[in-house]
Structure formats: C-alpha cells, structure tokens
Amino acid sequence: MLRLNGSAFITGAGSGIGRGVALAFARYGVNRLALLDQRHDGLQETCQQIQKESPHTEMEIIPADVSNETSIQRAVSQASKLFNRIDYGVNCAGIAPSPEMTHEMTLKDWQKVIDVNLTGVWICQKHLLRQMLNQERRGDHEGRGAIINIASMYGLIAPPGSMAIAPYTASKHGVMGLTKTDAKIYAKKGIRINAICPGYIVTPLIAGSIHSGSMDNEFERTPVGRAGTVEEIADSIAFLASPLSSFMYGTGMTVDGGYSV
C-alpha cells in the first residue's frame, strides 16, 4: 500500500487538483500540510474536508500569490519553521487563459498566464529547493525531498487547432523544461523533481465547458471516453511523491485517459 509521511507544501490548495492532493496526502499519511492559495475561503473549505477525513492532520493556511516571490519566500519560511522540514512540494497553482488567437492577444493577457503558470512554478521550486538542500536525507529512496510540478498533456503536445490557448501551452511546455533541467541538477543532491501531465480533468477551470457540452468532441477523442477525476490525478501525484517512484527523475508522467497516445 502506498504510504507517505512527513510534511507537504501545496500551492493551489483551495480548489481543484490542489485540494485533491491535500486530501490524498493526508489520507496516505502526511500529517503536516502547508496549504497555499489566493482564496482564503477556499483554503478553509479544504481544511474542513481534511479534518473530517483525517482529523489528526496538522494544517497551516497560507494565503499567497505564487507570482510574488516575496510572498512565496515567506510562505516556505513559515512552513519550514512550523514543521522543521518540507518533504514534499506540489506546485498546483495555475490559471487558464481566455481563448484568443495570438494575433488578437494583448501582452498583458499573455504575461498573466506566464506569470502564474511558469514563473510561479519557478519561484516555488527555487525556494523549496533552498529549504530542501538544508535538510537531512531521510534515506536513499526518500532523500531530502520531492517536488512535483503540475504540467499538462499540452506541455507535451499541441492542442487541437480549434483551441487558441498559446500562453497556456507555452507555459506548460516551460514547466516541463524547468522540471527536466532541475531534475538533473539536483538528483545527486538527494532531491527528486518530476511533473505530471494531466488530460481533461473535472476541475473549476473547465467545469463550465463540460456542463455546456462544448467539450464533448474532446472526450470522444479520449480513448477512455470521459474526463478524469481530481482523485485520479491526486493519486498519481502521491505516487510521484512516494518512494515507489524513487528511480524517476525529470519525467512528465502522462495521465490523460490515452488522449495523447
């Protein structure tokens, strides 16, 4: 059975995949959670759900903006002081762009997506690495810590021609480049870095499109014939955090129902 222990730092924990990861980590044994999001009310809802399922889990709510380095530096410092170490960092925070073709897009719209989806991941990874490098190794298979970044299947392939989401696609390809580069650099230092590349998942980001039926053609292109669940992605991230994946470095684990095959 998959078991985790120690402490975790999770961004985007107020909803969607971030909330699912927090719930899964608590279920699998992580007993100290630093939960970050810009929405304080969303974080409170996540905590309430965890308390029902895993009442002995210690949690710290940290409202933070991942695109603000000072905010993240303080958050990592706060979590490490409370928990003494950070064993798992999961960078879930992300936004979807408004669907605009490149020739019609403003620089402001482009930059907003890049700031959160790519620069935000880099900022979080930077400060998590600084903390983990100062931690003792927990063993050959666990090392000093593990970082999991949320990319996308569109970090590996291009979206259909009907989807004008260039900033999102570019940001997720960037997450994969960041993951691969730092995974090589920090592997011998006892820190594992990997990414997960989800397909279409039922989250607040695409809930409206699912209910309107505008995603039906995309689900038909998915061999399994449906969208994935947050729980399926959270379980996959828990695997990447665990010693069961101890020989995986710099991978982009695709969990997309076969869409990109």
# chains A, B, ... in the order shown; residues from 1 in each chain; ligands from 1

call {"tool": "residues_around", "arguments": {"residues": "A:Ile114", "least_positions_apart": "6", "cutoff": "9 Å", "atoms": "only C-alpha atoms", "output": "PDB file with N, CA, C and O atoms, in the first residue's frame"}}
result
ATOM      1  N   GLY A 120       5.546  31.358 -11.644  1.00  0.00           N
ATOM      2  CA  GLY A 120       5.109  30.951 -10.306  1.00  0.00           C
ATOM      3  C   GLY A 120       5.671  29.601  -9.900  1.00  0.00           C
ATOM      4  O   GLY A 120       6.070  29.401  -8.742  1.00  0.00           O
ATOM      5  N   PRO A 167      -0.722  30.841 -24.727  1.00  0.00           N
ATOM      6  CA  PRO A 167       0.001  31.108 -23.478  1.00  0.00           C
ATOM      7  C   PRO A 167      -0.002  29.909 -22.525  1.00  0.00           C
ATOM      8  O   PRO A 167       1.013  29.603 -21.895  1.00  0.00           O
ATOM      9  N   TYR A 168      -1.135  29.230 -22.431  1.00  0.00           N
ATOM     10  CA  TYR A 168      -1.243  28.055 -21.564  1.00  0.00           C
ATOM     11  C   TYR A 168      -0.304  26.950 -22.047  1.00  0.00           C
ATOM     12  O   TYR A 168       0.465  26.378 -21.266  1.00  0.00           O
ATOM     13  N   ALA A 170       2.354  27.190 -23.986  1.00  0.00           N
ATOM     14  CA  ALA A 170       3.750  27.604 -23.816  1.00  0.00           C
ATOM     15  C   ALA A 170       4.181  27.503 -22.366  1.00  0.00           C
ATOM     16  O   ALA A 170       5.303  27.052 -22.063  1.00  0.00           O
ATOM     17  N   SER A 171       3.301  27.899 -21.446  1.00  0.00           N
ATOM     18  CA  SER A 171       3.662  27.840 -20.027  1.00  0.00           C
ATOM     19  C   SER A 171       3.879  26.404 -19.570  1.00  0.00           C
ATOM     20  O   SER A 171       4.804  26.123 -18.798  1.00  0.00           O
TER      21      SER A 171
END

call {"tool": "residues_around", "arguments": {"residues": "A:Arg221", "least_positions_apart": "4", "cutoff": "12 Å", "atoms": "only C-alpha atoms", "output": "number ranges by chain"}}
result
A: 159-160, 199-200, 215-217, 225-227, 256-261

call {"tool": "write_last_selection", "arguments": {"atoms": "all heavy atoms", "output": "CSV table (one decimal), in the first residue's frame"}}
result
chain,number,residue,atom,x,y,z
A,159,PRO,N,-2.4,21.6,-28.6
A,159,PRO,CA,-3.9,21.4,-28.5
A,159,PRO,C,-4.5,21.4,-29.9
A,159,PRO,O,-3.8,21.7,-30.9
A,159,PRO,CB,-4.4,22.6,-27.7
A,159,PRO,CG,-3.4,23.7,-28.0
A,159,PRO,CD,-2.0,23.0,-28.1
A,160,PRO,N,-5.7,21.0,-30.1
A,160,PRO,CA,-6.4,21.0,-31.4
A,160,PRO,C,-6.4,22.4,-32.0
A,160,PRO,O,-6.3,23.4,-31.2
A,160,PRO,CB,-7.8,20.5,-31.1
A,160,PRO,CG,-7.7,19.8,-29.8
A,160,PRO,CD,-6.6,20.5,-29.0
A,199,GLY,N,-4.6,15.1,-18.5
A,199,GLY,CA,-5.5,15.4,-19.6
A,199,GLY,C,-6.7,16.3,-19.1
A,199,GLY,O,-6.5,17.1,-18.2
A,200,TYR,N,-7.8,16.1,-19.7
A,200,TYR,CA,-9.0,16.8,-19.2
A,200,TYR,C,-9.5,16.3,-17.9
A,200,TYR,O,-9.9,15.1,-17.8
A,200,TYR,CB,-10.1,16.8,-20.3
A,200,TYR,CG,-9.7,17.4,-21.6
A,200,TYR,CD1,-9.7,16.7,-22.8
A,200,TYR,CD2,-9.4,18.8,-21.7
A,200,TYR,CE1,-9.3,17.2,-24.0
A,200,TYR,CE2,-9.0,19.3,-22.9
A,200,TYR,CZ,-9.0,18.6,-24.0
A,200,TYR,OH,-8.6,19.2,-25.2
A,215,MET,N,-17.2,20.5,-24.6
A,215,MET,CA,-16.0,19.6,-24.5
A,215,MET,C,-16.3,18.2,-25.0
A,215,MET,O,-15.4,17.3,-25.0
A,215,MET,CB,-15.5,19.4,-23.0
A,215,MET,CG,-15.1,20.7,-22.4
A,215,MET,SD,-13.5,21.3,-23.1
A,215,MET,CE,-12.4,20.1,-22.6
A,216,ASP,N,-17.5,17.9,-25.5
A,216,ASP,CA,-17.9,16.6,-25.9
A,216,ASP,C,-17.0,16.0,-26.9
A,216,ASP,O,-16.7,14.8,-26.9
A,216,ASP,CB,-19.4,16.6,-26.3
A,216,ASP,CG,-20.4,16.8,-25.2
A,216,ASP,OD1,-19.9,16.8,-24.0
A,216,ASP,OD2,-21.6,17.0,-25.5
A,217,ASN,N,-16.7,16.8,-27.9
A,217,ASN,CA,-15.8,16.3,-29.0
A,217,ASN,C,-14.4,15.9,-28.5
A,217,ASN,O,-13.8,14.9,-29.0
A,217,ASN,CB,-15.6,17.4,-30.1
A,217,ASN,CG,-16.9,17.6,-30.9
A,217,ASN,OD1,-17.7,16.7,-31.0
A,217,ASN,ND2,-17.0,18.7,-31.6
A,225,GLY,N,-13.0,7.8,-23.1
A,225,GLY,CA,-14.3,8.4,-23.4
A,225,GLY,C,-14.9,9.3,-22.3
A,225,GLY,O,-16.1,9.5,-22.2
A,226,ARG,N,-14.0,9.8,-21.4
A,226,ARG,CA,-14.5,10.7,-20.4
A,226,ARG,C,-13.4,11.6,-19.9
A,226,ARG,O,-12.2,11.4,-20.2
A,226,ARG,CB,-15.0,9.8,-19.2
A,226,ARG,CG,-13.9,9.0,-18.5
A,226,ARG,CD,-14.4,8.3,-17.2
A,226,ARG,NE,-13.4,7.4,-16.7
A,226,ARG,CZ,-12.4,7.8,-15.8
A,226,ARG,NH1,-12.3,9.1,-15.5
A,226,ARG,NH2,-11.6,6.9,-15.3
A,227,ALA,N,-13.8,12.5,-19.0
A,227,ALA,CA,-12.8,13.4,-18.3
A,227,ALA,C,-12.3,12.6,-17.1
A,227,ALA,O,-13.0,11.7,-16.6
A,227,ALA,CB,-13.4,14.7,-17.9
A,256,ASP,N,-3.8,11.0,-18.9
A,256,ASP,CA,-4.8,11.7,-19.8
A,256,ASP,C,-5.8,10.8,-20.5
A,256,ASP,O,-6.4,11.2,-21.5
A,256,ASP,CB,-4.0,12.5,-20.9
A,256,ASP,CG,-3.3,11.6,-21.9
A,256,ASP,OD1,-3.3,10.4,-21.7
A,256,ASP,OD2,-2.7,12.1,-22.8
A,257,GLY,N,-6.0,9.6,-19.9
A,257,GLY,CA,-7.0,8.7,-20.5
A,257,GLY,C,-6.7,8.2,-21.9
A,257,GLY,O,-7.5,7.7,-22.6
A,258,GLY,N,-5.4,8.4,-22.3
A,258,GLY,CA,-4.9,7.9,-23.6
A,258,GLY,C,-5.0,9.0,-24.7
A,258,GLY,O,-4.7,8.7,-25.8
A,259,TYR,N,-5.4,10.2,-24.3
A,259,TYR,CA,-5.6,11.3,-25.3
A,259,TYR,C,-4.4,11.5,-26.2
A,259,TYR,O,-4.5,11.6,-27.4
A,259,TYR,CB,-6.0,12.5,-24.6
A,259,TYR,CG,-6.4,13.7,-25.6
A,259,TYR,CD1,-7.7,14.0,-25.8
A,259,TYR,CD2,-5.4,14.5,-26.2
A,259,TYR,CE1,-8.1,15.0,-26.7
A,259,TYR,CE2,-5.8,15.5,-27.0
A,259,TYR,CZ,-7.1,15.8,-27.2
A,259,TYR,OH,-7.4,16.8,-28.1
A,260,SER,N,-3.2,11.5,-25.6
A,260,SER,CA,-2.0,11.9,-26.4
A,260,SER,C,-1.3,10.8,-27.0
A,260,SER,O,-0.2,10.9,-27.6
A,260,SER,CB,-1.0,12.7,-25.4
A,260,SER,OG,-0.6,11.8,-24.4
A,261,VAL,N,-1.9,9.6,-26.9
A,261,VAL,CA,-1.2,8.4,-27.5
A,261,VAL,C,-1.2,8.5,-29.0
A,261,VAL,O,-2.2,8.8,-29.6
A,261,VAL,CB,-1.9,7.1,-27.0
A,261,VAL,CG1,-1.4,5.9,-27.8
A,261,VAL,CG2,-1.8,6.9,-25.5

call {"tool": "atom_distance", "arguments": {"atom1": "atom CA of A:Lys52", "atom2": "atom CA of A:Ile147"}}
result
26.8 Å

call {"tool": "closest_atom_pairs", "arguments": {"of": "stretch 87-178 of chain A", "to": "stretch 245-255 of chain A", "cutoff": "7 Å", "atoms": "only C-alpha atoms", "output": "Markdown table"}}
result
| residue | atom | partner | partner_atom | distance |
| --- | --- | --- | --- | --- |
| A:His141 | CA | A:Ser246 | CA | 5.3 |
| A:Glu142 | CA | A:Ser246 | CA | 6.9 |
| A:Met153 | CA | A:Thr254 | CA | 6.5 |
| A:Met176 | CA | A:Gly252 | CA | 6.9 |

call {"tool": "write_last_selection", "arguments": {"atoms": "N, CA, C and O atoms", "output": "mmCIF file, in the first residue's frame"}}
result
data_model
loop_
_atom_site.group_PDB
_atom_site.id
_atom_site.type_symbol
_atom_site.label_atom_id
_atom_site.label_comp_id
_atom_site.auth_asym_id
_atom_site.auth_seq_id
_atom_site.Cartn_x
_atom_site.Cartn_y
_atom_site.Cartn_z
ATOM 1 N N HIS A 141 16.145 6.195 -0.817
ATOM 2 C CA HIS A 141 14.965 6.254 -1.669
ATOM 3 C C HIS A 141 14.132 7.508 -1.435
ATOM 4 O O HIS A 141 13.316 7.864 -2.284
ATOM 5 N N GLU A 142 14.296 8.149 -0.290
ATOM 6 C CA GLU A 142 13.496 9.329 0.009
ATOM 7 C C GLU A 142 14.286 10.623 -0.105
ATOM 8 O O GLU A 142 13.748 11.656 -0.461
ATOM 9 N N MET A 153 -0.972 17.650 -20.451
ATOM 10 C CA MET A 153 -0.673 16.949 -21.696
ATOM 11 C C MET A 153 -0.307 17.972 -22.764
ATOM 12 O O MET A 153 0.430 17.659 -23.707
ATOM 13 N N MET A 176 7.712 21.803 -18.160
ATOM 14 C CA MET A 176 8.434 20.566 -18.450
ATOM 15 C C MET A 176 9.939 20.829 -18.611
ATOM 16 O O MET A 176 10.768 20.059 -18.129
#

call {"tool": "select_by_dssp", "arguments": {"residues": "stretch 101-165 of chain A", "states": "helix (DSSP H, G or I)", "output": "ChimeraX atom specification"}}
result
/A:102-104,107-133,153-155

call {"tool": "residues_around", "arguments": {"residues": "A:Tyr154", "least_positions_apart": "2", "cutoff": "8 Å", "atoms": "only C-alpha atoms", "output": "list in words"}}
result
Ala151, Ser152, Leu156, Ile157, Ala158, Pro159, Thr169, Lys172, His173 and Cys197 of chain A

call {"tool": "write_last_selection", "arguments": {"atoms": "N, CA, C and O atoms", "output": "PDB file, in the first residue's frame"}}
result
ATOM      1  N   ALA A 151       2.114  20.034 -14.850  1.00  0.00           N
ATOM      2  CA  ALA A 151       2.209  20.488 -16.245  1.00  0.00           C
ATOM      3  C   ALA A 151       0.861  20.214 -16.898  1.00  0.00           C
ATOM      4  O   ALA A 151      -0.182  20.583 -16.358  1.00  0.00           O
ATOM      5  N   SER A 152       0.858  19.565 -18.006  1.00  0.00           N
ATOM      6  CA  SER A 152      -0.379  19.262 -18.731  1.00  0.00           C
ATOM      7  C   SER A 152      -0.008  18.373 -19.901  1.00  0.00           C
ATOM      8  O   SER A 152       1.156  18.359 -20.342  1.00  0.00           O
ATOM      9  N   LEU A 156       3.261  18.622 -23.532  1.00  0.00           N
ATOM     10  CA  LEU A 156       3.953  17.618 -24.347  1.00  0.00           C
ATOM     11  C   LEU A 156       3.503  17.658 -25.806  1.00  0.00           C
ATOM     12  O   LEU A 156       4.270  17.319 -26.705  1.00  0.00           O
ATOM     13  N   ILE A 157       2.258  18.031 -26.026  1.00  0.00           N
ATOM     14  CA  ILE A 157       1.699  18.077 -27.381  1.00  0.00           C
ATOM     15  C   ILE A 157       1.005  19.427 -27.570  1.00  0.00           C
ATOM     16  O   ILE A 157       0.822  20.181 -26.617  1.00  0.00           O
ATOM     17  N   ALA A 158       0.617  19.709 -28.798  1.00  0.00           N
ATOM     18  CA  ALA A 158      -0.158  20.924 -29.080  1.00  0.00           C
ATOM     19  C   ALA A 158      -1.641  20.623 -28.963  1.00  0.00           C
ATOM     20  O   ALA A 158      -2.083  19.504 -29.235  1.00  0.00           O
ATOM     21  N   PRO A 159      -2.434  21.611 -28.561  1.00  0.00           N
ATOM     22  CA  PRO A 159      -3.883  21.404 -28.519  1.00  0.00           C
ATOM     23  C   PRO A 159      -4.467  21.363 -29.926  1.00  0.00           C
ATOM     24  O   PRO A 159      -3.780  21.709 -30.901  1.00  0.00           O
ATOM     25  N   THR A 169      -0.338  26.668 -23.332  1.00  0.00           N
ATOM     26  CA  THR A 169       0.508  25.618 -23.896  1.00  0.00           C
ATOM     27  C   THR A 169       1.988  25.948 -23.721  1.00  0.00           C
ATOM     28  O   THR A 169       2.789  25.092 -23.334  1.00  0.00           O
ATOM     29  N   LYS A 172       3.042  25.490 -20.043  1.00  0.00           N
ATOM     30  CA  LYS A 172       3.169  24.099 -19.605  1.00  0.00           C
ATOM     31  C   LYS A 172       4.377  23.409 -20.250  1.00  0.00           C
ATOM     32  O   LYS A 172       5.014  22.552 -19.631  1.00  0.00           O
ATOM     33  N   HIS A 173       4.716  23.772 -21.489  1.00  0.00           N
ATOM     34  CA  HIS A 173       5.971  23.286 -22.063  1.00  0.00           C
ATOM     35  C   HIS A 173       7.151  23.819 -21.247  1.00  0.00           C
ATOM     36  O   HIS A 173       8.151  23.118 -21.029  1.00  0.00           O
ATOM     37  N   CYS A 197       1.392  15.277 -16.134  1.00  0.00           N
ATOM     38  CA  CYS A 197       0.774  15.903 -17.308  1.00  0.00           C
ATOM     39  C   CYS A 197      -0.659  15.403 -17.447  1.00  0.00           C
ATOM     40  O   CYS A 197      -0.927  14.445 -18.177  1.00  0.00           O
TER      41      CYS A 197
END

call {"tool": "decode", "arguments": {"residues": "stretch 135-162 of chain A", "atoms": "N, CA, C and O atoms", "output": "CSV table (one decimal), in the first residue's frame"}}
result
chain,number,residue,atom,x,y,z
A,135,GLN,N,18.1,20.3,4.5
A,135,GLN,CA,17.5,19.2,5.2
A,135,GLN,C,18.4,17.9,5.2
A,135,GLN,O,19.1,17.7,4.2
A,136,GLU,N,18.3,17.1,6.2
A,136,GLU,CA,19.0,15.8,6.2
A,136,GLU,C,18.3,14.9,5.3
A,136,GLU,O,17.1,15.0,5.1
A,137,ARG,N,19.1,14.0,4.7
A,137,ARG,CA,18.5,12.9,3.9
A,137,ARG,C,17.7,12.0,4.8
A,137,ARG,O,18.1,11.7,5.9
A,138,ARG,N,16.6,11.5,4.3
A,138,ARG,CA,15.8,10.5,5.0
A,138,ARG,C,16.1,9.1,4.6
A,138,ARG,O,15.5,8.1,5.1
A,139,GLY,N,17.0,8.9,3.7
A,139,GLY,CA,17.3,7.6,3.2
A,139,GLY,C,17.6,7.6,1.7
A,139,GLY,O,17.3,8.6,1.0
A,140,ASP,N,18.1,6.5,1.1
A,140,ASP,CA,18.5,6.5,-0.3
A,140,ASP,C,17.3,6.7,-1.2
A,140,ASP,O,17.4,7.4,-2.2
A,141,HIS,N,16.1,6.2,-0.8
A,141,HIS,CA,15.0,6.3,-1.7
A,141,HIS,C,14.1,7.5,-1.4
A,141,HIS,O,13.3,7.9,-2.3
A,142,GLU,N,14.3,8.1,-0.3
A,142,GLU,CA,13.5,9.3,0.0
A,142,GLU,C,14.3,10.6,-0.1
A,142,GLU,O,13.7,11.7,-0.5
A,143,GLY,N,15.6,10.6,0.2
A,143,GLY,CA,16.4,11.7,0.0
A,143,GLY,C,16.0,12.9,0.9
A,143,GLY,O,15.5,12.8,2.0
A,144,ARG,N,16.3,14.1,0.4
A,144,ARG,CA,16.0,15.3,1.1
A,144,ARG,C,14.6,15.8,0.9
A,144,ARG,O,14.0,16.6,1.6
A,145,GLY,N,14.0,15.4,-0.2
A,145,GLY,CA,12.6,15.8,-0.6
A,145,GLY,C,12.3,15.6,-2.0
A,145,GLY,O,13.1,15.2,-2.8
A,146,ALA,N,11.0,15.8,-2.3
A,146,ALA,CA,10.5,15.5,-3.7
A,146,ALA,C,9.6,16.7,-4.1
A,146,ALA,O,8.8,17.2,-3.2
A,147,ILE,N,9.7,17.2,-5.3
A,147,ILE,CA,8.9,18.2,-5.9
A,147,ILE,C,8.2,17.7,-7.1
A,147,ILE,O,8.8,17.0,-7.9
A,148,ILE,N,6.9,18.0,-7.1
A,148,ILE,CA,6.1,17.6,-8.2
A,148,ILE,C,5.4,18.8,-8.8
A,148,ILE,O,4.7,19.5,-8.1
A,149,ASN,N,5.6,19.1,-10.1
A,149,ASN,CA,5.0,20.2,-10.8
A,149,ASN,C,3.9,19.7,-11.6
A,149,ASN,O,3.9,18.7,-12.2
A,150,ILE,N,2.8,20.6,-11.7
A,150,ILE,CA,1.7,20.3,-12.5
A,150,ILE,C,1.9,20.9,-13.9
A,150,ILE,O,1.8,22.1,-14.0
A,151,ALA,N,2.1,20.0,-14.9
A,151,ALA,CA,2.2,20.5,-16.2
A,151,ALA,C,0.9,20.2,-16.9
A,151,ALA,O,-0.2,20.6,-16.4
A,152,SER,N,0.9,19.6,-18.0
A,152,SER,CA,-0.4,19.3,-18.7
A,152,SER,C,0.0,18.4,-19.9
A,152,SER,O,1.2,18.4,-20.3
A,153,MET,N,-1.0,17.7,-20.5
A,153,MET,CA,-0.7,16.9,-21.7
A,153,MET,C,-0.3,18.0,-22.8
A,153,MET,O,0.4,17.7,-23.7
A,154,TYR,N,-0.8,19.2,-22.6
A,154,TYR,CA,-0.4,20.3,-23.5
A,154,TYR,C,1.0,20.9,-23.2
A,154,TYR,O,1.4,21.9,-23.8
A,155,GLY,N,1.7,20.3,-22.3
A,155,GLY,CA,3.1,20.5,-22.1
A,155,GLY,C,3.9,19.6,-22.9
A,155,GLY,O,5.2,19.7,-23.0
A,156,LEU,N,3.3,18.6,-23.5
A,156,LEU,CA,4.0,17.6,-24.3
A,156,LEU,C,3.5,17.7,-25.8
A,156,LEU,O,4.3,17.3,-26.7
A,157,ILE,N,2.3,18.0,-26.0
A,157,ILE,CA,1.7,18.1,-27.4
A,157,ILE,C,1.0,19.4,-27.6
A,157,ILE,O,0.8,20.2,-26.6
A,158,ALA,N,0.6,19.7,-28.8
A,158,ALA,CA,-0.2,20.9,-29.1
A,158,ALA,C,-1.6,20.6,-29.0
A,158,ALA,O,-2.1,19.5,-29.2
A,159,PRO,N,-2.4,21.6,-28.6
A,159,PRO,CA,-3.9,21.4,-28.5
A,159,PRO,C,-4.5,21.4,-29.9
A,159,PRO,O,-3.8,21.7,-30.9
A,160,PRO,N,-5.7,21.0,-30.1
A,160,PRO,CA,-6.4,21.0,-31.4
A,160,PRO,C,-6.4,22.4,-32.0
A,160,PRO,O,-6.3,23.4,-31.2
A,161,GLY,N,-6.4,22.5,-33.3
A,161,GLY,CA,-6.4,23.8,-33.9
A,161,GLY,C,-7.6,24.7,-33.5
A,161,GLY,O,-7.5,25.9,-33.7
A,162,SER,N,-8.6,24.1,-33.0
A,162,SER,CA,-9.8,24.9,-32.6
A,162,SER,C,-9.6,25.6,-31.2
A,162,SER,O,-10.4,26.4,-30.8
